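Shown next, in structure tokens, is the structure this report addresses.
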Amino acid sequence: VPQLVEELSRRGLRHPILIRFSDILATRIETLANCFAEAIRVQEYPARWRGVYPIKVNQQAHVVEEIVEYGAPFGVGLEAGSKPELLIALALLETPDALLICNGYKDRAYIETALLAQRLGRTPVIVIDRFSEIDIVIKVSSALGIKPHVGLRARLSTVGAGRWIESSGEHSKFGLSADELVRAVDRLRAADML
């Protein structure tokens, strides 16, 4: 790296200089996928690994684009926690079996966009983390005639440790309680959306 920086300086480039090591992303994705594949084989697990990159971790275009590119052979998807991230994911994610995890604040427009992504050949999973979102998903899905892929975020009663102690347990602001999980499944079943 020092030699590279010296050469770039000789060419007249000034600091700071951004140097991208794209092969690191490719190698890490491949290693992760292969580790899961081996564990699945050894344990005779009947399903497969479906990796997802949360866009919020690093929203730089080149990073998200490279993760989508290098992750395509392994079915790596994206997680969108906001409307802008959802639009980014829709623009970049073309792998049919890659998951598009839809988290965060979900108003009617967000849910409509996520559902319409199914018509574009995407696989959006709308993650319900507030009970009030169930009715919106059911109404919008019914209006569009699209059966949603829904995930339910559970609020565990166990309190975490360390950094996450305040955002875990029964008082966590995200996730459904055990009672809400049962009621959510009942509502989805009644709407024929399971």
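Going by the structure tokens order, chains are called A, B, ..., each with residues numbered from 1, while ligands are numbered from 1 in the order shown.
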* Please run DSSP on the backbone and report, as an MDAnalysis selection string, all residues within stretch 71-100 of chain A that come out as helix (DSSP H, G or I). => chainID A and resid 71:74 83:92
* To do: Taking the DSSP assignment computed from this structure's backbone, write out as a list of chain:residue names all residues of chain A that belong to strand (DSSP E).
  =>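 Answer for chain A, restricted to strand (DSSP E): A:Val52, A:Tyr53, A:Pro54, A:Gly77, A:Leu78, A:Glu79, A:Ala80, A:Leu99, A:Leu100, A:Ile101, A:Cys102, A:Thr123, A:Pro124, A:Val125, A:Ile126, A:Val127, A:Ile128, A:Val150, A:Gly151, A:Leu152.
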* Asked: Do you know which residues are at most 12 Å from A:Leu93 counting only C-alpha atoms, after dropping those on the same chain fewer than 3 positions away, and could you put them as a ChimeraX atom specification?
  -> /A:52-53,55,64-72,75-80,85-90,96-101,117,120-124
Contact residues around A:Met193 with only C-alpha atoms at 12 Å, ignoring same-chain residues under 3 positions, as a short mmCIF file (atom, residue, chain, number, x, y, z; two decimals) with C-alpha atoms, in the first residue's frame:
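Result file follows (out-v4.cif):
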data_model
loop_
_atom_site.label_atom_id
_atom_site.label_comp_id
_atom_site.auth_asym_id
_atom_site.auth_seq_id
_atom_site.Cartn_x
_atom_site.Cartn_y
_atom_site.Cartn_z
CA ILE A 134 -50.50 -6.01 10.34
CA ASP A 135 -53.71 -4.23 9.34
CA VAL A 137 -50.19 -4.92 5.21
CA ILE A 138 -53.49 -6.81 4.96
CA LYS A 139 -55.38 -3.79 3.54
CA VAL A 140 -52.72 -2.85 1.00
CA SER A 141 -52.16 -6.48 -0.04
CA SER A 142 -55.88 -7.00 -0.55
CA GLY A 145 -54.28 -8.41 -5.05
CA ILE A 146 -50.80 -9.48 -3.97
CA LYS A 147 -50.19 -12.15 -1.33
CA PRO A 148 -47.34 -10.78 0.80
CA HIS A 149 -44.27 -12.53 2.13
CA VAL A 150 -44.39 -11.57 5.81
CA GLY A 151 -41.84 -11.94 8.57
CA ALA A 184 -50.83 -11.54 14.08
CA VAL A 185 -50.80 -15.11 12.77
CA ASP A 186 -54.56 -15.37 13.39
CA ARG A 187 -55.18 -12.14 11.42
CA LEU A 188 -52.96 -13.24 8.55
CA ARG A 189 -54.66 -16.65 8.48
CA ALA A 190 -58.13 -15.04 8.47
#
* **Distance criterion (only C-alpha atoms): nearest to A:Lys56 out of A:Gly104, A:Glu94, A:Gln43, A:Arg28** =>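 Smallest distance to A:Lys56 is found for A:Gly104.
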